[in-house]
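Data block below; observations after.
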Amino acid sequence: MIIPDYISPIVGYRVWRWKATGLQSLNGVPWLPGRPLVAGCGPPAGGTIVGRADAVHGADELPHSDCTCGVYAAKNLEHLRQIGYAQRGIHGEVYLWGTVVEHKLGWRAQFAYPKNLFLPPDAIPFKLSEIDARLKTLIAFGADIFILGDHVSIRFWTNDSGFDAAGVDYLLKTRQEYYIHRQRERTLKKGDRVAVLGQGIAVVEHTDDQEALVVLGKKLALRIALKDIVLNQQYMRWECEANNARGNNALRKP
Ligand SMILES: [Zn+2]
């Protein structure tokens, strides 16, 4: 049991850094799955944003009402936004218990543990294979995980049933849109490489708004319509079918 049975924890709201090793407070204190973060006092105290070197209280009085120690949490997401923390990492609800001191920015608590986690899409690794590894560090907490969409949160992982189809679909869709956008936005430049399938890698010599002139090997010049050059998403390279490449003798002249 992480939270004792007889406790009714307060639920606050806070931000974390999501590192490859897992969750951290913004000041670098690691949060560990399966055990509460326990407040400390004085620098470098666990869980405190600001600690005092000259502690005004004993170790059994954490957090103290006259001190700044304790695990911090805002009262809600709006509050977190007001103090400028909402953009600084992943955020979510957090259970607070033990001694909990209320202050103008929210709470300082003796014990804390994540209740759920909300991931901004740009905090999620781009490659699906990396997502799996990184997500394990969050799943270990047993907290439900959501993706922050444009206007709503999408369920991504629940402790009871694992990955949620809605979250996975959303992620795949946004990744797909990114690729398409990137493909449209990107323009071929001189020096870029294009794989002419079955022929080899060509280098772009010149482009206009309709087609590219590429050189395959040392001297075979080819013209390819830009619409026939596509970005291969798996290999992250430009490609075209060989039968879309037309010979161009002009370039062979000195
Ligand atoms: Zn203190």
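Here, A, B, ... name the chains of the structure tokens in the order displayed, residue numbers run from 1 inside each chain, and ligands are numbered from 1 in the same displayed order.
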(Q) What parts of region 77-226 of chain A does DSSP call alpha helix (DSSP H)? I'd like the answer as an NGL selection string. (A) :A and (77-82 or 128-139 or 165-185)
Q.
I'd like the contact shell of Pro114 (chain A) - 7 Å cut-off, only C-alpha atoms, skipping same-chain residues fewer than 3 positions apart - returned as a list in words.
A. Glu93, Val94, Tyr95 and Ala143 of chain A
Selected residues written out with N, CA and C atoms, as a PDB file, in the first residue's frame:
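As a result, result_21.pdb now contains:
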```
ATOM      1  N   GLU A  93      -2.615  15.043 -11.491  1.00  0.00           N
ATOM      2  CA  GLU A  93      -3.075  15.109 -10.106  1.00  0.00           C
ATOM      3  C   GLU A  93      -2.127  14.313  -9.219  1.00  0.00           C
ATOM      4  N   VAL A  94      -2.020  14.765  -8.001  1.00  0.00           N
ATOM      5  CA  VAL A  94      -1.105  14.115  -7.070  1.00  0.00           C
ATOM      6  C   VAL A  94      -1.813  13.964  -5.720  1.00  0.00           C
ATOM      7  N   TYR A  95      -1.672  12.783  -5.132  1.00  0.00           N
ATOM      8  CA  TYR A  95      -2.207  12.563  -3.783  1.00  0.00           C
ATOM      9  C   TYR A  95      -1.256  13.201  -2.775  1.00  0.00           C
ATOM     10  N   ALA A 143      -0.432   4.827 -12.248  1.00  0.00           N
ATOM     11  CA  ALA A 143      -1.340   5.960 -12.438  1.00  0.00           C
ATOM     12  C   ALA A 143      -1.879   5.939 -13.865  1.00  0.00           C
TER      13      ALA A 143
END
```
Q.
Give me, as an MDAnalysis selection string, all polymer residues having an atom no more than 10 Å from Gly198 (chain A), counting only C-alpha atoms and skipping those fewer than 4 positions away in the same chain.
A. chainID A and resid 240:242
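Around ligand 1, the neighbouring residues within 6 Å, taking only C-alpha atoms and all ligand atoms, come to Cys41, Ala55, Pro63, His64, Cys67, Thr68 and Cys69 of chain A.
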Restrict the selected residues to N, CA, C and O atoms and save them as a PDB file, in the first residue's frame.
```pdb
ATOM      1  N   CYS A  41      13.673  18.803   4.529  1.00  0.00           N
ATOM      2  CA  CYS A  41      13.808  20.235   4.791  1.00  0.00           C
ATOM      3  C   CYS A  41      15.264  20.640   4.707  1.00  0.00           C
ATOM      4  O   CYS A  41      16.140  19.908   5.140  1.00  0.00           O
ATOM      5  N   ALA A  55      16.975  25.368   9.489  1.00  0.00           N
ATOM      6  CA  ALA A  55      15.646  24.814   9.708  1.00  0.00           C
ATOM      7  C   ALA A  55      15.046  25.390  10.978  1.00  0.00           C
ATOM      8  O   ALA A  55      15.708  25.498  12.007  1.00  0.00           O
ATOM      9  N   PRO A  63       5.798  18.986   6.653  1.00  0.00           N
ATOM     10  CA  PRO A  63       6.369  20.320   6.463  1.00  0.00           C
ATOM     11  C   PRO A  63       5.900  21.238   7.582  1.00  0.00           C
ATOM     12  O   PRO A  63       4.824  21.058   8.124  1.00  0.00           O
ATOM     13  N   HIS A  64       6.695  22.221   7.917  1.00  0.00           N
ATOM     14  CA  HIS A  64       6.372  23.140   9.000  1.00  0.00           C
ATOM     15  C   HIS A  64       5.667  24.371   8.451  1.00  0.00           C
ATOM     16  O   HIS A  64       6.001  24.865   7.384  1.00  0.00           O
ATOM     17  N   CYS A  67       7.874  27.258   7.583  1.00  0.00           N
ATOM     18  CA  CYS A  67       9.002  26.953   6.705  1.00  0.00           C
ATOM     19  C   CYS A  67       8.510  26.946   5.252  1.00  0.00           C
ATOM     20  O   CYS A  67       7.373  27.317   4.954  1.00  0.00           O
ATOM     21  N   THR A  68       9.380  26.568   4.357  1.00  0.00           N
ATOM     22  CA  THR A  68       8.990  26.469   2.952  1.00  0.00           C
ATOM     23  C   THR A  68       9.086  25.034   2.457  1.00  0.00           C
ATOM     24  O   THR A  68       8.968  24.769   1.275  1.00  0.00           O
ATOM     25  N   CYS A  69       9.310  24.100   3.374  1.00  0.00           N
ATOM     26  CA  CYS A  69       9.546  22.726   2.953  1.00  0.00           C
ATOM     27  C   CYS A  69       8.236  22.003   2.646  1.00  0.00           C
ATOM     28  O   CYS A  69       7.147  22.509   2.880  1.00  0.00           O
TER      29      CYS A  69
END
```
For Gly217 (chain A), find every residue with an atom within 12 Å (counting only C-alpha atoms), except residues of its own chain fewer than 3 positions away, and show them as a compact mmCIF listing (two decimals) with all heavy atoms, in the first residue's frame.
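Written file, selection_1.txt:
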```txt
# COMPACT_ATOMS: atom_id res chain seq x y z
N ARG A 193 19.75 14.08 -51.40
CA ARG A 193 19.83 12.77 -52.02
C ARG A 193 18.44 12.20 -52.26
O ARG A 193 17.55 12.37 -51.43
CB ARG A 193 20.64 11.82 -51.12
CG ARG A 193 22.11 12.06 -51.28
CD ARG A 193 22.91 11.67 -50.05
NE ARG A 193 24.12 12.50 -49.99
CZ ARG A 193 25.17 12.30 -50.77
NH1 ARG A 193 25.19 11.31 -51.65
NH2 ARG A 193 26.23 13.09 -50.69
N VAL A 194 18.30 11.56 -53.41
CA VAL A 194 17.03 10.92 -53.75
C VAL A 194 17.34 9.48 -54.16
O VAL A 194 18.18 9.25 -55.04
CB VAL A 194 16.33 11.64 -54.93
CG1 VAL A 194 15.04 10.91 -55.32
CG2 VAL A 194 16.04 13.09 -54.59
N ALA A 195 16.68 8.53 -53.52
CA ALA A 195 16.87 7.13 -53.91
C ALA A 195 16.00 6.86 -55.14
O ALA A 195 14.78 6.94 -55.07
CB ALA A 195 16.48 6.22 -52.76
N VAL A 196 16.64 6.58 -56.27
CA VAL A 196 15.92 6.16 -57.47
C VAL A 196 15.85 4.63 -57.38
O VAL A 196 16.86 3.95 -57.51
CB VAL A 196 16.63 6.61 -58.76
CG1 VAL A 196 15.81 6.20 -59.98
CG2 VAL A 196 16.86 8.12 -58.73
N GLN A 199 17.93 1.74 -58.88
CA GLN A 199 19.02 2.35 -59.66
C GLN A 199 20.17 2.81 -58.76
O GLN A 199 21.33 2.63 -59.10
CB GLN A 199 18.48 3.57 -60.42
CG GLN A 199 17.34 3.25 -61.37
CD GLN A 199 17.84 2.66 -62.69
OE1 GLN A 199 18.83 3.10 -63.22
NE2 GLN A 199 17.15 1.65 -63.18
N GLY A 200 19.81 3.43 -57.67
CA GLY A 200 20.86 3.95 -56.79
C GLY A 200 20.47 5.30 -56.22
O GLY A 200 19.34 5.75 -56.39
N ILE A 201 21.41 5.90 -55.52
CA ILE A 201 21.15 7.19 -54.88
C ILE A 201 21.63 8.31 -55.82
O ILE A 201 22.78 8.34 -56.24
CB ILE A 201 21.92 7.30 -53.55
CG1 ILE A 201 21.55 6.14 -52.60
CG2 ILE A 201 21.64 8.65 -52.88
CD1 ILE A 201 20.13 6.15 -52.10
N ALA A 202 20.70 9.21 -56.10
CA ALA A 202 21.04 10.36 -56.95
C ALA A 202 21.17 11.60 -56.09
O ALA A 202 20.61 11.67 -54.99
CB ALA A 202 19.94 10.55 -57.99
N VAL A 203 21.91 12.57 -56.61
CA VAL A 203 22.10 13.83 -55.89
C VAL A 203 21.41 14.94 -56.69
O VAL A 203 21.57 15.02 -57.91
CB VAL A 203 23.60 14.14 -55.72
CG1 VAL A 203 23.80 15.48 -54.99
CG2 VAL A 203 24.30 13.02 -54.96
N VAL A 204 20.68 15.78 -55.97
CA VAL A 204 19.95 16.86 -56.65
C VAL A 204 20.93 17.93 -57.12
O VAL A 204 21.75 18.43 -56.35
CB VAL A 204 18.91 17.48 -55.69
CG1 VAL A 204 18.23 18.69 -56.35
CG2 VAL A 204 17.87 16.44 -55.29
N VAL A 214 18.52 15.54 -61.25
CA VAL A 214 19.39 14.81 -60.32
C VAL A 214 20.47 14.08 -61.11
O VAL A 214 20.30 13.81 -62.30
CB VAL A 214 18.59 13.79 -59.47
CG1 VAL A 214 17.45 14.48 -58.72
CG2 VAL A 214 18.05 12.64 -60.32
N LEU A 220 25.06 10.24 -65.03
CA LEU A 220 23.71 10.03 -65.56
C LEU A 220 22.75 11.06 -64.97
O LEU A 220 22.44 11.02 -63.78
CB LEU A 220 23.23 8.61 -65.24
CG LEU A 220 21.81 8.28 -65.73
CD1 LEU A 220 21.68 8.47 -67.24
CD2 LEU A 220 21.43 6.87 -65.33
N ALA A 221 22.35 12.01 -65.80
CA ALA A 221 21.44 13.05 -65.33
C ALA A 221 20.00 12.64 -65.60
O ALA A 221 19.69 12.09 -66.65
CB ALA A 221 21.75 14.36 -66.03
N LEU A 222 19.13 12.87 -64.64
CA LEU A 222 17.73 12.48 -64.74
C LEU A 222 16.84 13.64 -64.35
O LEU A 222 17.20 14.43 -63.47
CB LEU A 222 17.45 11.28 -63.83
CG LEU A 222 18.28 10.02 -64.03
CD1 LEU A 222 18.10 9.08 -62.85
CD2 LEU A 222 17.90 9.33 -65.34
```
Q: Between CA of Thr21 (chain A) and CA of Ile145 (chain A), measure the distance and give it in Å to one decimal.
A: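 CA of Ile145 (chain A) lies 17.1 Å from CA of Thr21 (chain A).
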